[in-house]
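Participant: Just dropping this structure here.
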Amino acid sequence: MNDPLAASGTRPVEVAFDDAAAVVRLNRPHRLNAVSPALVDGLLDALASCADAAGREIGAVVLTGNGRAFCAGHDLKEPREQPTSLTERLDRLQEVTRRIRALPVPVIAAVHGHAVGAGAEFALGCDLVIAAEDTVFRFPEVGIGLSVTGGVSRLLPALVGPAKAKELVLLGEPLPAQEAERIGLVNRVVPAGGQLDAALEWARRLASQPPLATSLAKTALDEGTDGTLHGALALEIAHALVTDAAIADEDSAHAALRGSRARNT
């Protein structure tokens with residue numbers, strides 16, 4: 001675990017209960033809540049706690065981030081070499097999407113600042129998205145030689161349409177909150193700093209409704225969207241393995257070239 005906050009006793013993901021809602025906070029503000037193995041582990045544990053309480057203690061979940069950003073994507077300062085295989089790490093990251101979708105209560109993303117790469121993917125996996133007006137979404141993976149994950153290949157076209165999804169993924173340009181709302185990626189835009197209060201207002205409203213009807217409605221809508229989500233998740237891992245191998249080959253080639261230049265000088 002290469003997370004100084006986690007090592008000092010501060011958890012990379014926090015869970016709190018507010019009335020009948022659970023608030024799950026990404027808590028690596030020193031790294032703009034960038035994704036690390038510790039954060040993924042903490043998020044999965046938090047979602048498991050929410051699943052245990054769903055329908056009894058809580059009627060909704062809010063996913064948000066501490067500090068200046070919701071989540072700035074993968075932490076590029078994490079060492080490339082990890083004790084677990086890339087396939088295992090990717091599958092664990094994909095499990096975040098699976099668990100969010102499997103929760104029997106609605107999950108609301110309260111997003112602000114940067115929602116980049118995996119951060120945008122976390123928001124996509126939620127049932128509802130409330131974004132502060134300072135939010136910027138971005139899917140930069142293709143531009144840096146990587147592959148999208150988190151069900152983006154299935155969920156993004158379902159939300160914004162295939163053509164717009166291809167534009168966002170292939171060009172990787174920033175998407176401001178107002179435009180995200182216009183194209184259907186976001187349900188509601190609120191003034192900066194108001195995203196959590198707005199999400200909690202919706203969460204309490206959802207929690208006040210008949211729980212069985214709310215759960216069945218979520219399940220029915222997800223079934224209509226997720227018919228091929230599991231296939232998309234598996235395909236994304238396969239593509240990520242290919243891009244990772246290509247990056248490794250490129251690194252080896254650059255290292256060999258540097259060595260050759262050094263010998264000839």
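Ligands are numbered from 1 in the order shown, chains are lettered A, B, ... in the order of the structure tokens, and residues start at 1 in each chain.
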Neighbours of Ala120 of chain A within 8 Å (only C-alpha atoms; same-chain residues fewer than 3 positions away dropped), as a list in words?
Facilitator: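 Here the answer would be Cys71, Gly73, Ala115, Val116, Gly117, Ala123, Leu124, Phe137, Arg138 and Phe139 of chain A.
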Participant: Write out as a PyMOL selection string each polymer residue whose atoms come within 10 Å of Leu206 of chain A, counting only C-alpha atoms; drop sequence neighbours fewer than 4 positions from it.
Facilitator: chain A and resi 20-21+58-61+105-106+200-202+210-211+214
Participant: Which residues in segment 88-262 of chain A does DSSP call strand (DSSP E or B)? List them as a list in words.
Facilitator: Val107, Ile108, Ala109, Ala110, Val111, His114, Ala115, Val116, Leu128, Val129, Ile130, Ala131, Ala132, Val136, Phe137, Arg138, Leu175, Pro176, Arg188, Val189 and Val190 of chain A
Participant: Would you kindly return, as a PyMOL selection string, each protein, DNA or RNA residue with an atom no farther than 12 Å from any atom of Ile130 of chain A, considering only C-alpha atoms and excluding same-chain residues fewer than 2 positions away?
Facilitator: chain A and resi 62-64+70+107-112+123-124+126-128+132-135+177-178+180-181+184-203
Participant: I need the helix (DSSP H, G or I) residues of segment 40-211 of chain A per DSSP on the backbone, written as a PyMOL selection string.
Facilitator: chain A and resi 40-53+86-102+118-125+142-144+152-160+162-171+177-183+195-207+211
Participant: So how far away is atom CA of Leu76 of chain A from atom CA of Cys50 of chain A, in Å?
Facilitator: 29.2 Å
Participant: Which neighbours of segment 27-34 of chain A fall inside 9 Å, counting only C-alpha atoms, when residues of the same chain fewer than 3 positions from it are skipped, and could you give them as JSON, numbers by chain?
Facilitator: {"A": [3, 5, 6, 10, 11, 12, 13, 14, 39, 65, 66, 67, 68, 69, 70, 71, 72, 73, 74, 75, 76, 114, 118, 119]}
Participant: Quick check, in Å to one decimal: how far apart do atom CA of Ala234 of chain A and atom CA of Ser36 of chain A lie?
Facilitator: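 Atom CA of Ser36 of chain A lies at a distance of 21.0 Å from atom CA of Ala234 of chain A.
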Participant: Counting only C-alpha atoms, which residues of segment 8-56 of chain A sit at most 9 Å from some atom of segment 90-97 of chain A, and what is each one's closest atom pair with its distance in Å to one decimal, listed by chain and rising residue number, as a tab-separated table?
Facilitator:
```
residue	atom	partner	partner_atom	distance
A:Pro37	CA	A:Leu93	CA	8.7
A:Val40	CA	A:Leu93	CA	6.4
A:Asp41	CA	A:Arg92	CA	8.1
A:Leu43	CA	A:Val96	CA	7.3
A:Leu44	CA	A:Val96	CA	6.1
A:Leu47	CA	A:Val96	CA	8.0
```
Participant: Please report, as a Markdown table, each residue of segment 91-162 of chain A lying at most 9 Å from segment 218-233 of chain A, together with the nearest pair of atoms and the separation in Å rounded to one decimal; use only C-alpha atoms, and order rows by chain and ascending residue number.
Facilitator:
```
| residue | atom | partner | partner_atom | distance |
| --- | --- | --- | --- | --- |
| A:Asp91 | CA | A:Leu233 | CA | 8.5 |
| A:Gln94 | CA | A:Leu233 | CA | 6.9 |
| A:Arg98 | CA | A:His230 | CA | 8.6 |
| A:Arg101 | CA | A:Asp222 | CA | 7.5 |
| A:Ala102 | CA | A:Thr219 | CA | 8.2 |
| A:Pro104 | CA | A:Thr219 | CA | 7.5 |
| A:Val105 | CA | A:Lys218 | CA | 7.6 |
| A:Pro106 | CA | A:Lys218 | CA | 6.9 |
| A:Asp127 | CA | A:Lys218 | CA | 7.9 |
| A:Thr149 | CA | A:Leu233 | CA | 7.0 |
| A:Gly150 | CA | A:Leu233 | CA | 6.7 |
| A:Gly151 | CA | A:Leu233 | CA | 5.3 |
| A:Val152 | CA | A:Ala232 | CA | 8.2 |
| A:Ser153 | CA | A:Ala232 | CA | 6.3 |
| A:Arg154 | CA | A:Leu229 | CA | 5.9 |
| A:Leu155 | CA | A:Thr225 | CA | 7.5 |
| A:Ala158 | CA | A:Thr225 | CA | 6.9 |
```
Participant: Rounded to one decimal, what separation in Å do you get between atom CA of Asp45 of chain A and atom CA of Ala16 of chain A?
Facilitator: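 Distance reported for this atom pair: 13.0 Å.
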